[in-house]
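Structure below is model_0.cif: mmCIF, C-alpha atoms.
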```
data_structure
loop_
_atom_site.label_atom_id
_atom_site.label_comp_id
_atom_site.auth_asym_id
_atom_site.auth_seq_id
_atom_site.Cartn_x
_atom_site.Cartn_y
_atom_site.Cartn_z
CA ALA A 568 -5.49 0.76 11.35
CA GLY A 569 -3.80 2.07 8.23
CA MET A 570 -2.50 -0.67 5.98
CA HIS A 571 0.52 0.10 3.86
CA PRO A 572 -0.11 0.18 0.10
CA LEU A 573 0.11 -3.29 -1.38
CA GLN A 574 3.06 -2.18 -3.48
CA SER A 575 5.21 -2.16 -0.34
CA PHE A 576 4.79 -5.91 0.09
CA GLY A 577 6.55 -7.01 -3.06
CA GLN A 578 9.50 -6.32 -5.28
CA ASN A 579 9.38 -5.41 -8.94
CA PRO A 580 10.37 -8.64 -10.75
CA ALA A 581 12.28 -6.59 -13.34
CA THR A 582 14.83 -5.82 -10.61
CA LEU A 583 15.52 -9.53 -10.18
CA LEU A 584 15.92 -10.13 -13.90
CA ASP A 585 18.24 -7.11 -14.18
CA ARG A 586 20.42 -8.54 -11.39
CA GLN A 587 20.52 -11.89 -13.16
CA ALA A 588 21.55 -10.24 -16.44
CA ALA A 589 24.22 -8.16 -14.66
CA ALA A 590 25.65 -11.39 -13.24
CA GLY A 591 25.94 -12.77 -16.77
CA VAL A 592 23.33 -15.46 -16.18
CA LYS A 593 21.11 -16.34 -19.12
CA GLY A 594 17.78 -16.94 -17.41
CA THR A 595 14.80 -18.82 -18.79
CA THR A 596 12.24 -16.47 -17.24
CA THR A 597 10.60 -13.82 -19.38
CA LEU A 598 8.81 -10.71 -18.14
CA THR A 599 6.18 -8.69 -19.97
CA TRP A 600 3.78 -6.02 -18.73
CA GLU A 601 0.06 -5.58 -19.28
CA GLY A 602 -0.44 -2.12 -17.80
CA GLU A 603 0.49 -2.48 -14.12
CA LYS A 604 0.38 -6.30 -14.23
CA ALA A 605 3.69 -8.17 -14.46
CA ILE A 606 3.50 -11.40 -16.47
CA LEU A 607 6.31 -13.87 -15.71
CA THR A 608 6.73 -17.03 -17.80
CA PHE A 609 9.16 -19.73 -16.72
CA PRO A 610 9.76 -23.50 -16.96
CA VAL A 611 8.70 -25.51 -13.91
CA PRO A 612 11.87 -26.94 -12.30
CA ASP A 613 12.24 -30.72 -12.57
CA VAL A 614 9.07 -31.11 -14.69
CA PRO A 615 10.31 -31.40 -18.29
CA GLY A 616 8.15 -29.43 -20.73
CA ALA A 617 5.98 -27.79 -18.06
CA MET A 618 5.68 -24.00 -18.31
CA ALA A 619 4.16 -21.60 -15.78
CA THR A 620 2.80 -18.12 -16.37
CA ALA A 621 2.31 -15.97 -13.28
CA THR A 622 0.32 -12.74 -13.37
CA LEU A 623 1.25 -10.35 -10.56
CA VAL A 624 -0.80 -7.37 -9.43
CA ASN A 625 1.07 -5.02 -7.09
CA TYR A 626 3.76 -7.75 -7.22
CA LEU A 627 1.39 -10.28 -5.59
CA PRO A 628 0.12 -13.32 -7.53
CA GLU A 629 -3.32 -12.92 -9.06
CA ARG A 630 -3.15 -15.96 -11.33
CA VAL A 631 -0.70 -18.78 -12.07
CA VAL A 632 -1.27 -21.07 -15.06
CA VAL A 633 0.81 -24.23 -15.50
CA LYS A 634 0.73 -26.05 -18.84
CA ASN A 635 2.13 -29.57 -18.92
CA GLY A 636 1.37 -31.53 -22.09
CA ASN A 637 -2.39 -31.47 -22.63
CA ASP A 638 -3.10 -30.47 -19.02
CA THR A 639 -3.62 -26.94 -17.76
CA THR A 640 -3.73 -26.17 -14.04
CA GLU A 641 -4.76 -22.67 -12.98
CA PHE A 642 -4.50 -21.08 -9.55
CA LEU A 643 -6.42 -17.86 -8.82
CA TYR A 644 -5.57 -15.75 -5.77
CA GLY A 645 -7.62 -12.88 -4.33
CA LYS A 646 -8.50 -10.79 -1.27
CA TRP A 647 -4.92 -10.33 -0.08
CA GLU A 648 -4.88 -9.09 3.51
CA ASP A 649 -3.62 -9.74 7.02
CA TRP A 650 -5.87 -12.61 8.16
CA ASN A 651 -4.35 -12.79 11.66
CA ASN A 652 -6.47 -12.32 14.76
CA PRO A 653 -7.42 -8.61 15.14
CA LEU A 654 -5.25 -8.45 18.28
CA PHE A 655 -2.19 -9.78 16.41
CA LYS A 656 -2.13 -7.99 13.05
CA ILE A 657 1.39 -7.92 11.62
CA GLU A 658 0.69 -6.85 8.02
CA ALA A 659 1.77 -10.20 6.58
CA LEU A 660 -0.51 -10.62 3.58
CA TYR A 661 -2.13 -13.93 2.67
CA ALA A 662 -4.62 -14.77 -0.07
CA GLY A 663 -8.20 -14.74 1.21
CA THR A 664 -9.32 -16.85 -1.73
CA ILE A 665 -7.44 -19.56 -3.62
CA VAL A 666 -9.14 -21.44 -6.45
CA GLU A 667 -7.47 -24.32 -8.31
CA CYS A 668 -8.80 -25.46 -11.69
CA ARG A 669 -7.65 -28.42 -13.76
CA ASN A 670 -8.51 -28.27 -17.44
CA GLY A 671 -11.25 -25.74 -16.69
CA THR A 672 -12.84 -27.62 -13.77
CA VAL A 673 -12.64 -26.26 -10.21
CA VAL A 674 -10.97 -28.90 -8.02
CA ARG A 675 -10.27 -26.75 -4.96
CA ASP A 676 -11.88 -23.54 -3.66
CA LEU A 677 -10.35 -22.25 -0.43
CA LYS A 678 -11.37 -19.24 1.66
CA SER A 679 -9.21 -17.89 4.48
CA LYS A 680 -10.79 -17.10 7.83
CA VAL A 681 -7.83 -16.59 10.12
CA THR A 682 -4.07 -17.09 9.92
CA GLU A 683 -1.43 -17.39 12.61
CA VAL A 684 1.51 -15.78 10.87
CA GLY A 685 4.03 -15.04 13.60
CA GLN A 686 7.45 -14.83 11.98
CA VAL A 687 7.55 -12.37 9.10
CA TYR A 688 11.31 -12.74 8.66
CA VAL A 689 11.00 -16.24 7.21
CA VAL A 690 10.24 -15.32 3.60
CA VAL A 691 10.49 -17.32 0.41
CA PRO A 692 12.43 -14.86 -1.73
CA PRO A 693 11.14 -14.07 -5.21
CA GLU A 694 14.52 -15.23 -6.54
CA SER A 695 13.41 -18.83 -5.94
CA VAL A 696 10.96 -18.44 -8.84
CA ILE A 697 13.59 -17.18 -11.25
CA VAL A 698 15.08 -20.21 -12.97
#
```

Please render this file's structure as structure tokens.
Amino acid sequence: AGMHPLQSFGQNPATLLDRQAAAGVKGTTTLTWEGEKAILTFPVPDVPGAMATATLVNYLPERVVVKNGNDTTEFLYGKWEDWNNPLFKIEALYAGTIVECRNGTVVRDLKSKVTEVGQVYVVVPPESVIV
């Protein structure tokens, strides 16, 4: 079965920042590019002083680093695909691997086997990340 290109599953974050600027809102999120990777940096809501940096590949998270004081928490995401049962593929991508590190030590290493994503219209919009 032909999967759509990964690019079709996300939205260019620059579009969101442009909309914010057009609305006259001074956001606290910055966007830079490393080749095709979008790097978003933003304060973590309700955690004073905490900053997050999200690296997106094809507009999907590859890495999120949160710095809060002397602590650094890193989340690594990989193997994005539709993990639903082969008879119920709906092209809703989920990370096949999620690794969480705290101050350089792995504290969680998850691997997806199967998902039961049934409602693709309930989406957390990227705007929720833009503070």

Contacts of stretch 589-599 of chain A at 12 Å or less, counting all atoms listed in the file, minus same-chain residues fewer than 4 places along, as a PDB file with C-alpha atoms, keeping the file's coordinate frame?
```
ATOM      1  CA  ASN A 579       9.380  -5.410  -8.940  1.00  0.00           C
ATOM      2  CA  PRO A 580      10.370  -8.640 -10.750  1.00  0.00           C
ATOM      3  CA  ALA A 581      12.280  -6.590 -13.340  1.00  0.00           C
ATOM      4  CA  THR A 582      14.830  -5.820 -10.610  1.00  0.00           C
ATOM      5  CA  LEU A 583      15.520  -9.530 -10.180  1.00  0.00           C
ATOM      6  CA  LEU A 584      15.920 -10.130 -13.900  1.00  0.00           C
ATOM      7  CA  ASP A 585      18.240  -7.110 -14.180  1.00  0.00           C
ATOM      8  CA  GLU A 603       0.490  -2.480 -14.120  1.00  0.00           C
ATOM      9  CA  LYS A 604       0.380  -6.300 -14.230  1.00  0.00           C
ATOM     10  CA  ALA A 605       3.690  -8.170 -14.460  1.00  0.00           C
ATOM     11  CA  ILE A 606       3.500 -11.400 -16.470  1.00  0.00           C
ATOM     12  CA  LEU A 607       6.310 -13.870 -15.710  1.00  0.00           C
ATOM     13  CA  THR A 608       6.730 -17.030 -17.800  1.00  0.00           C
ATOM     14  CA  PHE A 609       9.160 -19.730 -16.720  1.00  0.00           C
ATOM     15  CA  PRO A 610       9.760 -23.500 -16.960  1.00  0.00           C
ATOM     16  CA  VAL A 611       8.700 -25.510 -13.910  1.00  0.00           C
ATOM     17  CA  PRO A 612      11.870 -26.940 -12.300  1.00  0.00           C
ATOM     18  CA  MET A 618       5.680 -24.000 -18.310  1.00  0.00           C
ATOM     19  CA  ALA A 619       4.160 -21.600 -15.780  1.00  0.00           C
ATOM     20  CA  THR A 620       2.800 -18.120 -16.370  1.00  0.00           C
ATOM     21  CA  ALA A 621       2.310 -15.970 -13.280  1.00  0.00           C
ATOM     22  CA  THR A 622       0.320 -12.740 -13.370  1.00  0.00           C
ATOM     23  CA  LEU A 623       1.250 -10.350 -10.560  1.00  0.00           C
ATOM     24  CA  GLU A 694      14.520 -15.230  -6.540  1.00  0.00           C
ATOM     25  CA  SER A 695      13.410 -18.830  -5.940  1.00  0.00           C
ATOM     26  CA  VAL A 696      10.960 -18.440  -8.840  1.00  0.00           C
ATOM     27  CA  ILE A 697      13.590 -17.180 -11.250  1.00  0.00           C
ATOM     28  CA  VAL A 698      15.080 -20.210 -12.970  1.00  0.00           C
TER      29      VAL A 698
END
```

Can you report as JSON the centre and edge lengths in Å, to one decimal, of an axis-aligned box around the listed atoms of stretch 608-618 of chain A padded with 6 Å on each side?
```
{"center_x": 9.0, "center_y": -24.2, "center_z": -16.5, "size_x": 18.6, "size_y": 26.4, "size_z": 20.4}
```

9 Å contact set for A:Asn670, all atoms listed in the file, chain neighbours under 3 positions out, as a VMD selection string: chain A and resid 637 to 641 673

- Task: Dump as a list in words all residues having an atom at most 7 Å from (-9.8, -11.1, -3.6), computed in the file's coordinates with all atoms listed in the file.
- Result: Tyr644, Gly645, Lys646, Trp647, Gly663 and Thr664 of chain A

Translate the PyMOL selection byres ((chain A and resi 658) around 8) into a concrete residue list for this structure, as a PDB file with C-alpha atoms, keeping the file's coordinate frame.
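The resulting file, out-v4.pdb, is reproduced below:
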```pdb
ATOM      1  CA  MET A 570      -2.500  -0.670   5.980  1.00  0.00           C
ATOM      2  CA  GLU A 648      -4.880  -9.090   3.510  1.00  0.00           C
ATOM      3  CA  ASP A 649      -3.620  -9.740   7.020  1.00  0.00           C
ATOM      4  CA  LYS A 656      -2.130  -7.990  13.050  1.00  0.00           C
ATOM      5  CA  ILE A 657       1.390  -7.920  11.620  1.00  0.00           C
ATOM      6  CA  ALA A 659       1.770 -10.200   6.580  1.00  0.00           C
ATOM      7  CA  LEU A 660      -0.510 -10.620   3.580  1.00  0.00           C
TER       8      LEU A 660
END
```

I need the residue nearest A:Thr682 from this list: A:Ala588, A:Val624, A:Ala662, A:Val631. Use all atoms listed in the file for the distance.
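Between A:Ala588, A:Val624, A:Ala662, A:Val631, the residue approaching A:Thr682 most closely is A:Ala662.
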
### Message
Between atom CA of A:Gln578 and atom CA of A:Phe655, what distance in Å does the model show, to one decimal?
### Response
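Straight-line distance from atom CA of A:Gln578 to atom CA of A:Phe655 works out to 24.9 Å.
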
Between atom CA of A:Arg586 and atom CA of A:Leu643 lies a distance of 28.5 Å

For atom CA of A:Lys678 and atom CA of A:Ile665, the interatomic separation in Å (one decimal):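 Atom CA of A:Lys678 sits 6.6 Å away from atom CA of A:Ile665.
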
Skipping near chain neighbours, those fewer than 6 positions away, what residues fall within 9 Å of A:Gly616 using only C-alpha atoms, listed as a compact mmCIF listing (two decimals) with C-alpha atoms, keeping the file's coordinate frame?
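File written: part-v2.txt
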```txt
# COMPACT_ATOMS: atom_id res chain seq x y z
CA PRO A 610 9.76 -23.50 -16.96
CA LYS A 634 0.73 -26.05 -18.84
CA ASN A 635 2.13 -29.57 -18.92
CA GLY A 636 1.37 -31.53 -22.09
```
